[in-house]
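Structure first, then comments.
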Amino acid sequence: MSNGKLTPTSYLILGSVALLSRATPYELKRLVGFSIGNFWTFPHSQLYSEPERLAGMGLLEETREEGGRRRRVYSITEAGRQALGNWLADASGDPPELRDPGILKLFFGNFGSEGDVVRLAESQVRMYEEKAEQFRALAQQFEGVTGIEYQMVTLRCGMAVNQACMEFWKQIAANPPGS
């Protein structure tokens with residue numbers, strides 16, 4: 001069933017289950033939705049399929065609820081903790097991925113009008129302003145909570161990237177390429 005290869009999503013699942021101690025795929029989806037999902041995009045269907053694969057590899061333990069919907073509940077095994085620890089200890093990494101539809105449109109901006117580019121940039125600024133407000137609200141929600149220092153510093157990184165992107169688009173709106 002499994003090829004044994006661990007992907008970034010595998011580590012996202014292992015780390016999330018470790019954070020929660022035990023989790024259903026739905027609980028993983030909720031955690032990822034308001035946290036790392038803001039910075040790491042992937043098909044959310046993997047939150048349902050990947051835990052089963054990791055259980056098959058012995059990295060997660062799967063149990064079923066006794067009654068009701070008999071949901072699958074996952075907990076991390078010692079082998080899963082070791083795999084997560086080994087991954088964290090490896091300082092090497094791949095370059096970051098940026099999949100921004102606005103940047104893709106900007107790349108082909110010479111096929112549209114300057115007005116199209118300005119409207120795109122203004123729309124992107126509004127989107128980043130809304131995201132900045134969401135990040136501020138999230139930071140306030142968890143202000144003073146202990147034990148989540150690494151999650152909060154990750155949020156700070158996301159806020160900084162969001163701010164840089166917003167400034168970039170403001171510059172494009174004010175001074176489009178080729179103008």
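If you're wondering about the labels, chains in the structure tokens are A, B, ... by order shown, residues count from 1 in each chain, ligands from 1 in order shown.
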
Inset, instruction - Mind checking which residues fall within 12 Å of A:Ala173, counting only C-alpha atoms, ignoring those fewer than 6 positions away in the same chain, and posting them as an NGL selection string? - result: :A and (106 or 114-126 or 166-167 or 179)

Report as a tab-separated table: every residue of stretch 44-98 of chain A with an atom at most 10 Å from stretch 4-9 of chain A, its closest pair of atoms, and their distance in Å to one decimal, counting only C-alpha atoms, with rows sorted by chain and ascending residue number.
```
residue	atom	partner	partner_atom	distance
A:His44	CA	A:Thr9	CA	10.0
A:Gln46	CA	A:Thr9	CA	7.7
A:Leu47	CA	A:Thr9	CA	8.4
A:Glu50	CA	A:Thr9	CA	7.8
A:Pro51	CA	A:Thr9	CA	9.9
A:Arg53	CA	A:Gly4	CA	8.8
A:Leu54	CA	A:Gly4	CA	8.5
A:Gly56	CA	A:Gly4	CA	9.3
A:Met57	CA	A:Gly4	CA	6.8
A:Ala83	CA	A:Leu6	CA	9.0
A:Leu84	CA	A:Leu6	CA	10.0
A:Trp87	CA	A:Leu6	CA	9.6
```

Which residues are close to A:Glu97, i.e. within 12 Å by only C-alpha atoms, leaving aside same-chain residues fewer than 4 positions away? Reply as a compact mmCIF listing (two decimals) with C-alpha atoms, in the first residue's frame.
```
# COMPACT_ATOMS: atom_id res chain seq x y z
CA PRO A 8 6.50 17.29 3.44
CA PHE A 39 1.69 29.00 4.74
CA TRP A 40 1.83 25.51 3.29
CA THR A 41 -0.66 24.63 0.57
CA PHE A 42 -1.55 21.10 -0.41
CA GLY A 93 16.03 21.60 2.65
```

Inset, instruction - May I have the residues within 12 Å of A:Cys165 as a ChimeraX atom specification, using only C-alpha atoms and disregarding those fewer than 2 positions away in the same chain? - result: /A:98,100,102-103,121,124-129,131-132,158-163,167-172

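Across the model, the gap from atom CA of A:Ser16 to atom CA of A:Ala91 is 20.1 Å.
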
Inset, instruction - May I have all residues of stretch 62-121 of chain A that DSSP, computed from the backbone, assigns to helix (DSSP H, G or I), given as a VMD selection string? - result: chain A and resid 78 to 89 101 to 107 109 to 111 114 to 121

Inset, instruction - Considering only C-alpha atoms, state which residue in the set A:Arg72, A:Arg64, A:Ala174, A:Gly147 is at the smallest distance from A:Glu27. - result: A:Arg72

Legend entry - strand (DSSP E or B) per DSSP on the backbone: members of stretch 2-162 of chain A, as a PyMOL selection string: chain A and resi 22-23+60-64+72-76

Can you write just those residues out, N, CA and C atoms, as a short mmCIF file (atom, residue, chain, number, x, y, z; two decimals), in the first residue's frame?
```cif
data_model
loop_
_atom_site.label_atom_id
_atom_site.label_comp_id
_atom_site.auth_asym_id
_atom_site.auth_seq_id
_atom_site.Cartn_x
_atom_site.Cartn_y
_atom_site.Cartn_z
N ARG A 22 -3.60 12.97 19.86
CA ARG A 22 -4.45 12.06 19.09
C ARG A 22 -5.35 12.93 18.22
N ALA A 23 -5.64 12.47 17.03
CA ALA A 23 -6.44 13.30 16.13
C ALA A 23 -7.16 12.48 15.09
N LEU A 60 2.14 5.99 12.54
CA LEU A 60 0.97 6.39 13.32
C LEU A 60 0.25 5.12 13.74
N GLU A 61 -0.45 5.21 14.84
CA GLU A 61 -1.32 4.11 15.28
C GLU A 61 -2.75 4.54 15.05
N GLU A 62 -3.53 3.68 14.44
CA GLU A 62 -4.94 3.98 14.16
C GLU A 62 -5.83 3.18 15.09
N THR A 63 -6.77 3.86 15.71
CA THR A 63 -7.82 3.19 16.48
C THR A 63 -9.15 3.71 15.95
N ARG A 64 -10.21 2.98 16.27
CA ARG A 64 -11.55 3.40 15.88
C ARG A 64 -12.36 3.72 17.12
N ARG A 72 -11.87 7.28 12.69
CA ARG A 72 -10.48 6.87 12.87
C ARG A 72 -9.76 7.92 13.70
N VAL A 73 -9.03 7.47 14.68
CA VAL A 73 -8.26 8.36 15.54
C VAL A 73 -6.80 7.91 15.46
N TYR A 74 -5.92 8.87 15.21
CA TYR A 74 -4.51 8.55 15.03
C TYR A 74 -3.69 9.11 16.18
N SER A 75 -2.67 8.37 16.56
CA SER A 75 -1.67 8.85 17.50
C SER A 75 -0.31 8.49 16.92
N ILE A 76 0.70 9.24 17.31
CA ILE A 76 2.03 9.02 16.75
C ILE A 76 2.72 7.88 17.51
#
```

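Remark: for A:Ser113, the closest of the candidate residues A:Val17, A:Ser92, A:Ser10, A:Gly178 is A:Gly178 (distances computed over only C-alpha atoms).
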
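If you look at atom CA of A:Ser49 and atom CA of A:Arg30, they are 15.6 Å away from each other.
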
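Residues surrounding A:Ile148 within 10 Å are Leu19, Phe142 and Thr154 of chain A [only C-alpha atoms; sequence separation below 6 positions excluded].
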
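Here atom CA of A:Leu12 and atom CA of A:Lys105 stand 29.7 Å from one another.
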
Inset, instruction - Excluding A:Arg81 and residues on its chain fewer than 2 positions from it, collect all residues at most 9 Å away from it, counting only C-alpha atoms, and give them as a ChimeraX atom specification. - result: /A:14-15,18,59,76-79,83-86

So that I have them on file, write out the residues from the current selection with N, CA, C and O atoms, as a PDB file, in the first residue's frame.
```pdb
ATOM      1  N   LEU A  14       2.528  14.046  10.709  1.00  0.00           N
ATOM      2  CA  LEU A  14       3.197  13.526  11.908  1.00  0.00           C
ATOM      3  C   LEU A  14       3.315  14.614  12.979  1.00  0.00           C
ATOM      4  O   LEU A  14       3.004  14.384  14.152  1.00  0.00           O
ATOM      5  N   GLY A  15       3.753  15.786  12.585  1.00  0.00           N
ATOM      6  CA  GLY A  15       3.903  16.875  13.541  1.00  0.00           C
ATOM      7  C   GLY A  15       2.570  17.323  14.123  1.00  0.00           C
ATOM      8  O   GLY A  15       2.465  17.594  15.324  1.00  0.00           O
ATOM      9  N   ALA A  18       1.400  14.783  16.572  1.00  0.00           N
ATOM     10  CA  ALA A  18       2.213  14.913  17.785  1.00  0.00           C
ATOM     11  C   ALA A  18       1.755  16.112  18.616  1.00  0.00           C
ATOM     12  O   ALA A  18       1.682  16.026  19.845  1.00  0.00           O
ATOM     13  N   LEU A  59       4.121   4.491  11.449  1.00  0.00           N
ATOM     14  CA  LEU A  59       4.489   5.787  12.012  1.00  0.00           C
ATOM     15  C   LEU A  59       3.350   6.414  12.821  1.00  0.00           C
ATOM     16  O   LEU A  59       3.588   7.286  13.652  1.00  0.00           O
ATOM     17  N   ILE A  76       0.702   9.241  17.311  1.00  0.00           N
ATOM     18  CA  ILE A  76       2.033   9.015  16.751  1.00  0.00           C
ATOM     19  C   ILE A  76       2.718   7.885  17.513  1.00  0.00           C
ATOM     20  O   ILE A  76       2.590   7.777  18.732  1.00  0.00           O
ATOM     21  N   THR A  77       3.405   7.048  16.788  1.00  0.00           N
ATOM     22  CA  THR A  77       4.156   5.951  17.400  1.00  0.00           C
ATOM     23  C   THR A  77       5.580   6.418  17.691  1.00  0.00           C
ATOM     24  O   THR A  77       5.996   7.497  17.263  1.00  0.00           O
ATOM     25  N   GLU A  78       6.335   5.580  18.385  1.00  0.00           N
ATOM     26  CA  GLU A  78       7.739   5.903  18.639  1.00  0.00           C
ATOM     27  C   GLU A  78       8.504   6.012  17.313  1.00  0.00           C
ATOM     28  O   GLU A  78       9.336   6.903  17.139  1.00  0.00           O
ATOM     29  N   ALA A  79       8.188   5.130  16.354  1.00  0.00           N
ATOM     30  CA  ALA A  79       8.837   5.209  15.035  1.00  0.00           C
ATOM     31  C   ALA A  79       8.461   6.513  14.329  1.00  0.00           C
ATOM     32  O   ALA A  79       9.294   7.123  13.645  1.00  0.00           O
ATOM     33  N   ALA A  83      11.014   9.401  13.124  1.00  0.00           N
ATOM     34  CA  ALA A  83      11.038   9.930  11.755  1.00  0.00           C
ATOM     35  C   ALA A  83      10.905  11.454  11.768  1.00  0.00           C
ATOM     36  O   ALA A  83      11.622  12.158  11.048  1.00  0.00           O
ATOM     37  N   LEU A  84      10.010  11.959  12.610  1.00  0.00           N
ATOM     38  CA  LEU A  84       9.829  13.406  12.726  1.00  0.00           C
ATOM     39  C   LEU A  84      11.099  14.048  13.271  1.00  0.00           C
ATOM     40  O   LEU A  84      11.565  15.068  12.758  1.00  0.00           O
ATOM     41  N   GLY A  85      11.691  13.457  14.285  1.00  0.00           N
ATOM     42  CA  GLY A  85      12.935  13.976  14.856  1.00  0.00           C
ATOM     43  C   GLY A  85      14.080  13.977  13.866  1.00  0.00           C
ATOM     44  O   GLY A  85      14.855  14.941  13.795  1.00  0.00           O
ATOM     45  N   ASN A  86      14.213  12.903  13.089  1.00  0.00           N
ATOM     46  CA  ASN A  86      15.267  12.835  12.074  1.00  0.00           C
ATOM     47  C   ASN A  86      15.088  13.923  11.023  1.00  0.00           C
ATOM     48  O   ASN A  86      16.057  14.544  10.579  1.00  0.00           O
TER      49      ASN A  86
END
```
